[in-house]
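The structure file final.tsv is reproduced below (TSV, C-alpha atoms and all ligand atoms).
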```tsv
chain	number	residue	atom	x	y	z
A	1	MET	CA	38.96	-36.87	94.29
A	2	ALA	CA	38.55	-40.66	94.11
A	3	ASP	CA	40.37	-42.87	96.59
A	4	VAL	CA	43.97	-42.62	95.49
A	5	SER	CA	45.62	-43.87	98.68
A	6	GLU	CA	47.12	-46.93	96.97
A	7	ASP	CA	48.57	-44.80	94.20
A	8	ILE	CA	49.93	-42.31	96.73
A	9	GLU	CA	51.57	-45.19	98.58
A	10	LYS	CA	53.21	-46.54	95.41
A	11	ALA	CA	54.34	-43.08	94.37
A	12	ALA	CA	55.81	-42.32	97.81
A	13	ARG	CA	57.86	-45.52	97.68
A	14	LEU	CA	59.15	-44.79	94.16
A	15	VAL	CA	60.18	-41.30	95.23
A	16	LEU	CA	62.03	-42.66	98.26
A	17	GLU	CA	63.83	-45.31	96.17
A	18	ALA	CA	65.06	-42.65	93.77
A	19	THR	CA	68.24	-40.65	94.15
A	20	TYR	CA	67.41	-37.66	91.96
A	21	VAL	CA	63.78	-36.54	91.80
A	22	LEU	CA	62.57	-33.82	89.43
A	23	ALA	CA	59.17	-32.26	88.88
A	24	LEU	CA	57.99	-31.31	85.41
A	25	VAL	CA	55.16	-28.81	85.84
A	26	GLY	CA	52.56	-27.64	83.35
A	27	ALA	CA	49.56	-25.31	83.12
A	28	GLY	CA	47.36	-27.54	85.31
A	29	MET	CA	49.11	-26.28	88.43
A	30	SER	CA	48.57	-22.65	87.47
A	31	VAL	CA	44.93	-23.24	86.61
A	32	GLU	CA	44.46	-24.53	90.16
A	33	SER	CA	45.68	-21.11	91.30
A	34	GLU	CA	42.99	-19.57	89.08
A	35	ILE	CA	45.33	-18.36	86.37
A	36	PRO	CA	43.52	-18.62	83.04
A	37	PRO	CA	44.97	-21.27	80.70
A	38	PHE	CA	45.92	-20.48	77.12
A	39	ARG	CA	44.12	-23.32	75.38
A	40	GLY	CA	40.81	-25.10	75.86
A	41	PRO	CA	37.49	-23.87	77.27
A	42	GLY	CA	37.88	-20.50	79.01
A	43	GLY	CA	41.43	-20.25	77.61
A	44	LEU	CA	42.88	-16.87	76.73
A	45	TRP	CA	43.64	-17.90	73.18
A	46	THR	CA	40.16	-19.41	72.82
A	47	LYS	CA	38.78	-16.01	73.77
A	48	TYR	CA	41.21	-13.73	71.92
A	49	GLY	CA	42.54	-15.99	69.18
A	50	GLU	CA	46.03	-17.49	68.94
A	51	PRO	CA	48.78	-14.93	69.34
A	52	ASP	CA	51.07	-13.99	66.50
A	53	MET	CA	53.22	-17.00	65.72
A	54	ARG	CA	55.91	-14.59	64.57
A	55	GLY	CA	55.95	-12.66	67.86
A	56	TYR	CA	59.70	-12.92	68.30
A	57	ASP	CA	60.42	-11.91	64.71
A	58	ARG	CA	58.21	-8.87	65.19
A	59	PHE	CA	60.13	-7.94	68.31
A	60	ILE	CA	63.49	-8.28	66.56
A	61	ALA	CA	62.25	-6.30	63.54
A	62	ASP	CA	60.75	-3.49	65.59
A	63	PRO	CA	61.52	-3.51	69.34
A	64	LYS	CA	60.13	0.01	69.77
A	65	GLY	CA	56.76	-0.81	68.16
A	66	TRP	CA	56.60	-4.06	70.10
A	67	TRP	CA	57.14	-2.28	73.42
A	68	GLU	CA	54.55	0.33	72.57
A	69	SER	CA	51.95	-2.41	72.05
A	70	ILE	CA	53.01	-4.09	75.31
A	71	VAL	CA	52.63	-0.89	77.29
A	72	LYS	CA	49.06	-0.72	76.00
A	73	ARG	CA	48.63	-4.35	77.05
A	74	GLU	CA	45.96	-5.32	74.62
A	75	GLY	CA	43.98	-8.55	74.45
A	76	TYR	CA	45.13	-11.68	76.17
A	77	ALA	CA	48.31	-10.17	77.58
A	78	ARG	CA	46.25	-7.89	79.81
A	79	ASP	CA	44.06	-10.74	81.11
A	80	LEU	CA	47.14	-12.87	81.77
A	81	VAL	CA	48.98	-10.14	83.65
A	82	GLU	CA	45.88	-9.34	85.72
A	83	GLY	CA	45.20	-13.02	86.44
A	84	ILE	CA	48.78	-13.58	87.58
A	85	ALA	CA	48.85	-10.43	89.70
A	86	GLN	CA	46.05	-11.89	91.83
A	87	ALA	CA	47.23	-15.50	91.86
A	88	ARG	CA	48.64	-17.16	94.96
A	89	PRO	CA	50.48	-20.49	95.25
A	90	ASN	CA	48.16	-23.41	95.96
A	91	PRO	CA	48.83	-26.34	98.35
A	92	GLY	CA	50.56	-28.19	95.48
A	93	HIS	CA	53.17	-25.44	95.11
A	94	PHE	CA	53.80	-25.47	98.86
A	95	ALA	CA	54.10	-29.27	98.87
A	96	LEU	CA	56.85	-29.09	96.22
A	97	ALA	CA	58.71	-26.45	98.24
A	98	GLU	CA	58.48	-28.75	101.25
A	99	LEU	CA	59.79	-31.71	99.24
A	100	GLU	CA	62.77	-29.61	98.19
A	101	GLU	CA	63.36	-28.52	101.77
A	102	MET	CA	63.40	-32.22	102.76
A	103	GLY	CA	66.27	-32.73	100.31
A	104	ILE	CA	64.24	-35.03	98.06
A	105	LEU	CA	63.11	-32.85	95.17
A	106	LYS	CA	66.20	-31.57	93.37
A	107	TYR	CA	64.71	-29.32	90.72
A	108	ILE	CA	61.45	-28.07	89.24
A	109	ILE	CA	61.21	-27.65	85.48
A	110	THR	CA	58.15	-25.52	84.87
A	111	GLN	CA	56.37	-24.45	81.71
A	112	ASN	CA	54.52	-21.77	83.69
A	113	VAL	CA	55.55	-18.12	83.77
A	114	ASP	CA	53.70	-17.08	86.92
A	115	ASN	CA	56.49	-17.16	89.53
A	116	LEU	CA	54.29	-19.21	91.92
A	117	HIS	CA	57.00	-21.79	92.72
A	118	TYR	CA	59.28	-19.04	94.00
A	119	ALA	CA	56.35	-17.46	95.82
A	120	ALA	CA	55.80	-20.80	97.59
A	121	GLY	CA	59.46	-20.97	98.66
A	122	SER	CA	61.02	-23.28	96.05
A	123	LYS	CA	64.61	-22.36	95.18
A	124	ASN	CA	65.66	-24.64	92.32
A	125	VAL	CA	63.34	-23.73	89.47
A	126	ALA	CA	64.00	-23.75	85.72
A	127	GLU	CA	61.40	-21.65	83.95
A	128	ILE	CA	61.44	-22.94	80.37
A	129	HIS	CA	59.10	-20.25	79.13
A	130	GLY	CA	60.45	-17.47	81.31
A	131	ASN	CA	58.97	-15.47	84.18
A	132	ILE	CA	56.33	-12.84	83.59
A	133	HIS	CA	57.73	-10.58	86.30
A	134	LYS	CA	61.19	-10.42	84.76
A	135	LEU	CA	62.88	-8.81	81.79
A	136	ARG	CA	65.70	-10.27	79.72
A	137	CYS	CA	68.37	-8.92	77.38
A	138	VAL	CA	68.22	-10.63	73.99
A	139	SER	CA	71.95	-10.07	73.45
A	140	CYS	CA	73.66	-11.21	76.66
A	141	GLY	CA	70.75	-13.14	78.24
A	142	ARG	CA	70.92	-11.37	81.63
A	143	ARG	CA	67.64	-11.17	83.52
A	144	PHE	CA	66.35	-8.19	85.46
A	145	GLU	CA	63.56	-7.29	87.80
A	146	ARG	CA	61.25	-4.74	86.21
A	147	ASP	CA	62.34	-1.93	88.53
A	148	GLU	CA	66.00	-2.42	87.58
A	149	ILE	CA	65.42	-1.19	84.04
A	150	ASN	CA	64.74	2.36	82.95
A	151	MET	CA	61.46	2.12	81.07
A	152	GLU	CA	61.34	5.78	80.13
A	153	VAL	CA	63.29	4.92	77.00
A	154	ILE	CA	61.45	2.61	74.61
A	155	PRO	CA	62.81	0.12	73.71
A	156	PRO	CA	64.69	-0.29	77.00
A	157	LEU	CA	68.38	-1.16	76.72
A	158	CYS	CA	70.55	-3.57	78.73
A	159	PRO	CA	72.69	-1.71	81.30
A	160	HIS	CA	75.53	-4.20	80.67
A	161	CYS	CA	75.72	-4.60	76.90
A	162	LYS	CA	73.20	-2.08	75.48
A	163	GLY	CA	71.28	-4.92	73.83
A	164	TYR	CA	67.51	-4.76	73.52
A	165	ILE	CA	65.52	-5.76	76.57
A	166	LYS	CA	62.35	-7.79	76.18
A	167	THR	CA	60.04	-9.46	78.65
A	168	ASP	CA	61.47	-12.76	79.94
A	169	GLY	CA	58.43	-14.73	78.74
A	170	VAL	CA	59.41	-16.81	75.70
A	171	MET	CA	57.48	-15.78	72.61
A	172	PHE	CA	56.41	-17.83	69.64
A	173	GLY	CA	59.38	-18.27	67.36
A	174	GLU	CA	61.83	-17.41	70.12
A	175	PRO	CA	64.45	-20.01	71.06
A	176	ILE	CA	64.32	-21.27	74.65
A	177	PRO	CA	67.05	-19.26	76.46
A	178	PRO	CA	70.20	-21.44	76.26
A	179	ASP	CA	71.00	-21.20	80.00
A	180	VAL	CA	67.57	-22.57	80.95
A	181	LEU	CA	67.62	-25.26	78.29
A	182	LYS	CA	71.05	-26.45	79.42
A	183	ARG	CA	69.90	-26.54	83.04
A	184	CYS	CA	66.86	-28.64	82.08
A	185	GLU	CA	69.00	-31.06	80.08
A	186	ASP	CA	71.61	-31.37	82.84
A	187	GLU	CA	68.96	-32.01	85.47
A	188	THR	CA	67.08	-34.51	83.32
A	189	GLY	CA	70.37	-36.32	82.70
A	190	LYS	CA	70.67	-37.00	86.44
A	191	CYS	CA	67.01	-37.77	87.07
A	192	ASP	CA	65.78	-41.24	88.01
A	193	CYS	CA	62.25	-40.23	89.05
A	194	MET	CA	60.18	-37.52	87.40
A	195	LEU	CA	56.88	-36.17	88.71
A	196	LEU	CA	54.64	-35.05	85.84
A	197	LEU	CA	52.35	-32.45	87.35
A	198	GLY	CA	49.43	-30.93	85.49
A	199	THR	CA	51.21	-31.29	82.18
A	200	SER	CA	50.56	-33.21	79.03
A	201	ALA	CA	54.14	-32.37	77.99
A	202	GLN	CA	53.24	-32.04	74.34
A	203	VAL	CA	55.24	-28.90	73.70
A	204	TYR	CA	58.97	-29.26	73.08
A	205	PRO	CA	61.44	-29.19	74.72
A	206	ALA	CA	59.46	-30.33	77.79
A	207	ALA	CA	57.95	-33.17	75.79
A	208	ALA	CA	61.34	-34.87	75.47
A	209	PHE	CA	62.27	-34.99	79.15
A	210	PRO	CA	59.98	-37.76	80.48
A	211	SER	CA	60.95	-40.18	77.71
A	212	LEU	CA	64.65	-39.55	78.38
A	213	VAL	CA	64.13	-40.46	82.04
A	214	ARG	CA	62.05	-43.49	81.16
A	215	ARG	CA	64.57	-44.75	78.59
A	216	ARG	CA	67.33	-44.73	81.18
A	217	GLY	CA	65.21	-46.84	83.54
A	218	GLY	CA	63.88	-44.01	85.72
A	219	SER	CA	60.33	-43.89	87.00
A	220	LEU	CA	57.52	-41.56	85.94
A	221	ILE	CA	54.72	-40.51	88.28
A	222	GLU	CA	51.79	-38.58	86.87
A	223	VAL	CA	49.46	-36.37	88.89
A	224	ASN	CA	46.68	-35.11	86.67
A	225	PRO	CA	42.88	-35.13	86.74
A	226	TYR	CA	42.94	-36.17	83.07
A	227	ASP	CA	44.56	-38.79	80.88
A	228	THR	CA	47.50	-37.45	78.90
A	229	ALA	CA	49.73	-38.74	76.14
A	230	LEU	CA	52.18	-39.71	78.90
A	231	THR	CA	49.78	-41.72	81.03
A	232	ALA	CA	50.56	-45.06	79.39
A	233	ALA	CA	54.30	-44.62	80.01
A	234	CYS	CA	53.90	-43.82	83.72
A	235	HIS	CA	54.66	-46.24	86.56
A	236	VAL	CA	52.09	-44.64	88.83
A	237	VAL	CA	49.19	-42.40	87.89
A	238	ILE	CA	47.42	-40.36	90.57
A	239	ARG	CA	44.13	-39.16	89.16
A	240	GLY	CA	43.50	-35.86	90.84
A	241	HIS	CA	44.46	-32.23	91.17
A	242	THR	CA	48.01	-31.48	92.24
A	243	GLY	CA	46.72	-29.18	95.00
A	244	GLU	CA	45.04	-32.17	96.64
A	245	ALA	CA	47.37	-35.02	95.73
A	246	LEU	CA	50.80	-33.47	96.34
A	247	PRO	CA	50.23	-32.59	100.02
A	248	LEU	CA	49.09	-36.21	100.58
A	249	LEU	CA	52.13	-37.54	98.75
A	250	VAL	CA	54.56	-35.39	100.73
A	251	GLU	CA	52.88	-36.35	104.00
A	252	ARG	CA	53.22	-40.04	103.10
A	253	ILE	CA	56.88	-39.65	102.12
A	254	ARG	CA	57.55	-37.90	105.41
A	255	SER	CA	55.99	-40.69	107.48
A	256	LEU	CA	57.69	-43.51	105.50
A	257	ARG	CA	61.05	-41.85	106.00
A	258	LYS	CA	60.74	-41.79	109.79
A	301	ZN	ZN	72.74	-7.47	77.78
```

Would you write out, as structure tokens, the structure that this file holds?
Amino acid sequence: MADVSEDIEKAARLVLEATYVLALVGAGMSVESEIPPFRGPGGLWTKYGEPDMRGYDRFIADPKGWWESIVKREGYARDLVEGIAQARPNPGHFALAELEEMGILKYIITQNVDNLHYAAGSKNVAEIHGNIHKLRCVSCGRRFERDEINMEVIPPLCPHCKGYIKTDGVMFGEPIPPDVLKRCEDETGKCDCMLLLGTSAQVYPAAAFPSLVRRRGGSLIEVNPYDTALTAACHVVIRGHTGEALPLLVERIRSLRK
């Protein structure tokens, strides 16, 4: 990583001036934990082809058939599940958990499904695209751990409302679960400093959040090894991997606060 100490210094000061700091996290943080990305070189969809854009419609039309194909775990789904099973949080995930513990980071909005923020000890996490370890009822929206649901019956049914259970991961064509979306909007409404971490935020709804913060006079801090569509709008850009830059940032914040 190039010398980013000046950028770290500026970012640390912006974070400390702010009253409500959020992190918006994208695939870059997962890739650093060796989870294969979807797009780009080495991406799962590059290897297997884009998944069915009507995935959610297919589920709704035939939950039983959908579950039967999931149990077989064909194609990219198998690689993703295996990659995530082996993945561990990286120093960037731990740095965010520490920043929350310090009372500075209020919430993480993540586009990743890998559970690594919780694994690192973060508590306030909105998973826009769901969590690969969980299941969710499409009728009442309740979430379950996998061992809470009887999988002997396909499709599995919600123990509360008898609705169909699907994986919590949000499929193509599926609306973002309303509880998560509302949480993201509420948090963004309070935010005056957003960390943009390993995300190009080109997929909605995440794409809208940084500009909302910026429009209300909040600051944007990007940590990314690459330029993104957001770079020009950011007050500070730290060119590097989150696993390297975030521990430095948190260390600097800690010493400035003393
Ligand atoms: Zn239900």

Can you work out which one of A:Thr199, A:Ser139, A:Asn150, A:Ser219 has the shortest atom-to-atom distance to ligand ZN 301 (chain A), counting only C-alpha atoms and all ligand atoms?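 For ligand ZN 301 (chain A), the nearest of the given residues is A:Ser139.
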
Using all atoms listed in the file, can you list as an mmCIF file with C-alpha atoms, in the coordinates of the input the residues within 10 Å of (55.6, -37.6, 103.4)?
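Resulting contents of out_34.cif:
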```
data_model
loop_
_atom_site.group_PDB
_atom_site.id
_atom_site.type_symbol
_atom_site.label_atom_id
_atom_site.label_comp_id
_atom_site.auth_asym_id
_atom_site.auth_seq_id
_atom_site.Cartn_x
_atom_site.Cartn_y
_atom_site.Cartn_z
ATOM 1 C CA ILE A 8 49.930 -42.310 96.730
ATOM 2 C CA GLU A 9 51.570 -45.190 98.580
ATOM 3 C CA ALA A 12 55.810 -42.320 97.810
ATOM 4 C CA LEU A 16 62.030 -42.660 98.260
ATOM 5 C CA ALA A 95 54.100 -29.270 98.870
ATOM 6 C CA GLU A 98 58.480 -28.750 101.250
ATOM 7 C CA LEU A 99 59.790 -31.710 99.240
ATOM 8 C CA MET A 102 63.400 -32.220 102.760
ATOM 9 C CA LEU A 246 50.800 -33.470 96.340
ATOM 10 C CA PRO A 247 50.230 -32.590 100.020
ATOM 11 C CA LEU A 248 49.090 -36.210 100.580
ATOM 12 C CA LEU A 249 52.130 -37.540 98.750
ATOM 13 C CA VAL A 250 54.560 -35.390 100.730
ATOM 14 C CA GLU A 251 52.880 -36.350 104.000
ATOM 15 C CA ARG A 252 53.220 -40.040 103.100
ATOM 16 C CA ILE A 253 56.880 -39.650 102.120
ATOM 17 C CA ARG A 254 57.550 -37.900 105.410
ATOM 18 C CA SER A 255 55.990 -40.690 107.480
ATOM 19 C CA LEU A 256 57.690 -43.510 105.500
ATOM 20 C CA ARG A 257 61.050 -41.850 106.000
ATOM 21 C CA LYS A 258 60.740 -41.790 109.790
#
```

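Taking all atoms listed in the file, the non-local environment of A:Asp7 within 8 Å (same-chain residues fewer than 4 positions away omitted) comprises Ala11, Val236, Val237 and Ile238 of chain A.
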
Atom CA of A:Lys72 and atom CA of A:Arg58 are how many Å apart?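 Atom CA of A:Arg58 lies at a distance of 16.3 Å from atom CA of A:Lys72.
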
Could you list, with a cut-off of 12 Å and counting only C-alpha atoms and all ligand atoms, the residues of chain A near ligand ZN 301 (chain A), each shown with its nearest atom pair and the distance in Å rounded to one decimal, rows sorted by chain and ascending number, as JSON lines?
```
{"residue": "A:Leu135", "atom": "CA", "partner": "A:ZN301", "partner_atom": "ZN", "distance": 10.7}
{"residue": "A:Arg136", "atom": "CA", "partner": "A:ZN301", "partner_atom": "ZN", "distance": 7.8}
{"residue": "A:Cys137", "atom": "CA", "partner": "A:ZN301", "partner_atom": "ZN", "distance": 4.6}
{"residue": "A:Val138", "atom": "CA", "partner": "A:ZN301", "partner_atom": "ZN", "distance": 6.7}
{"residue": "A:Ser139", "atom": "CA", "partner": "A:ZN301", "partner_atom": "ZN", "distance": 5.1}
{"residue": "A:Cys140", "atom": "CA", "partner": "A:ZN301", "partner_atom": "ZN", "distance": 4.0}
{"residue": "A:Gly141", "atom": "CA", "partner": "A:ZN301", "partner_atom": "ZN", "distance": 6.0}
{"residue": "A:Arg142", "atom": "CA", "partner": "A:ZN301", "partner_atom": "ZN", "distance": 5.8}
{"residue": "A:Arg143", "atom": "CA", "partner": "A:ZN301", "partner_atom": "ZN", "distance": 8.5}
{"residue": "A:Phe144", "atom": "CA", "partner": "A:ZN301", "partner_atom": "ZN", "distance": 10.0}
{"residue": "A:Ile149", "atom": "CA", "partner": "A:ZN301", "partner_atom": "ZN", "distance": 11.5}
{"residue": "A:Pro156", "atom": "CA", "partner": "A:ZN301", "partner_atom": "ZN", "distance": 10.8}
{"residue": "A:Leu157", "atom": "CA", "partner": "A:ZN301", "partner_atom": "ZN", "distance": 7.7}
{"residue": "A:Cys158", "atom": "CA", "partner": "A:ZN301", "partner_atom": "ZN", "distance": 4.6}
{"residue": "A:Pro159", "atom": "CA", "partner": "A:ZN301", "partner_atom": "ZN", "distance": 6.8}
{"residue": "A:His160", "atom": "CA", "partner": "A:ZN301", "partner_atom": "ZN", "distance": 5.2}
{"residue": "A:Cys161", "atom": "CA", "partner": "A:ZN301", "partner_atom": "ZN", "distance": 4.2}
{"residue": "A:Lys162", "atom": "CA", "partner": "A:ZN301", "partner_atom": "ZN", "distance": 5.9}
{"residue": "A:Gly163", "atom": "CA", "partner": "A:ZN301", "partner_atom": "ZN", "distance": 4.9}
{"residue": "A:Tyr164", "atom": "CA", "partner": "A:ZN301", "partner_atom": "ZN", "distance": 7.3}
{"residue": "A:Ile165", "atom": "CA", "partner": "A:ZN301", "partner_atom": "ZN", "distance": 7.5}
{"residue": "A:Lys166", "atom": "CA", "partner": "A:ZN301", "partner_atom": "ZN", "distance": 10.5}
```

Using all atoms listed in the file, what table do you get, as a Markdown table, when you list each residue of stretch 168-252 of chain A with an atom no more than 8 Å from stretch 122-130 of chain A, its nearest pair of atoms, and their distance in Å rounded to one decimal, rows by chain then rising number?
```
| residue | atom | partner | partner_atom | distance |
| --- | --- | --- | --- | --- |
| A:Asp168 | CA | A:Gly130 | CA | 5.0 |
| A:Gly169 | CA | A:Gly130 | CA | 4.3 |
| A:Val170 | CA | A:His129 | CA | 4.9 |
| A:Ile176 | CA | A:Ile128 | CA | 6.6 |
| A:Pro177 | CA | A:Ile128 | CA | 7.8 |
| A:Val180 | CA | A:Ala126 | CA | 6.1 |
| A:Leu181 | CA | A:Ile128 | CA | 6.9 |
| A:Arg183 | CA | A:Ala126 | CA | 7.1 |
| A:Cys184 | CA | A:Ala126 | CA | 6.7 |
```

Mind giving me the straight-line distance from atom CA of A:Arg88 to atom CA of A:Ser33 in Å, one decimal?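 So the two atoms, atom CA of A:Arg88 and atom CA of A:Ser33, lie 6.1 Å apart.
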
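Nearest residue to A:Pro51 among A:Phe209, A:Phe94, A:Phe172, A:Tyr107 is A:Phe172, counting all atoms listed in the file.
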
Point out the residue among A:Ile70, A:Val31, A:Leu105, A:Pro41 with the least atom-to-atom distance to A:Ala87, counting only C-alpha atoms.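 Among A:Ile70, A:Val31, A:Leu105, A:Pro41, it is A:Val31 that comes nearest to A:Ala87.
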
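You can rank A:Thr188, A:Pro178, A:His133, A:Gly218 by their closest distance to A:Asn112 using only C-alpha atoms, and at the top of that list sits A:His133.
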
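Atom pair atom CA of A:Glu152 / atom CA of A:Gly83: separated by 25.6 Å.
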
Could you tell me which of A:Thr110, A:Asn90, A:Ser5, A:Asn131 comes closest to A:His241 if we count only C-alpha atoms? A:Asn90

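The smallest atom-to-atom distance between A:Gly55 and any of A:Tyr20, A:Phe38, A:Trp67, A:Tyr204, using only C-alpha atoms, is found for A:Trp67.
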
Non-local contacts of A:Gly26 (8 Å; only C-alpha atoms; under 3 positions in same chain excluded) as a PyMOL selection string: chain A and resi 29-30+110-112+197-201

Around stretch 174-193 of chain A, with edges along x, y and z and 8 Å added on all six sides, what centre and edge lengths do you get, in Å to one decimal, as AutoDock Vina command-line options?
```
--center_x 66.7 --center_y -29.3 --center_z 79.6 --size_x 25.8 --size_y 39.8 --size_z 34.9
```
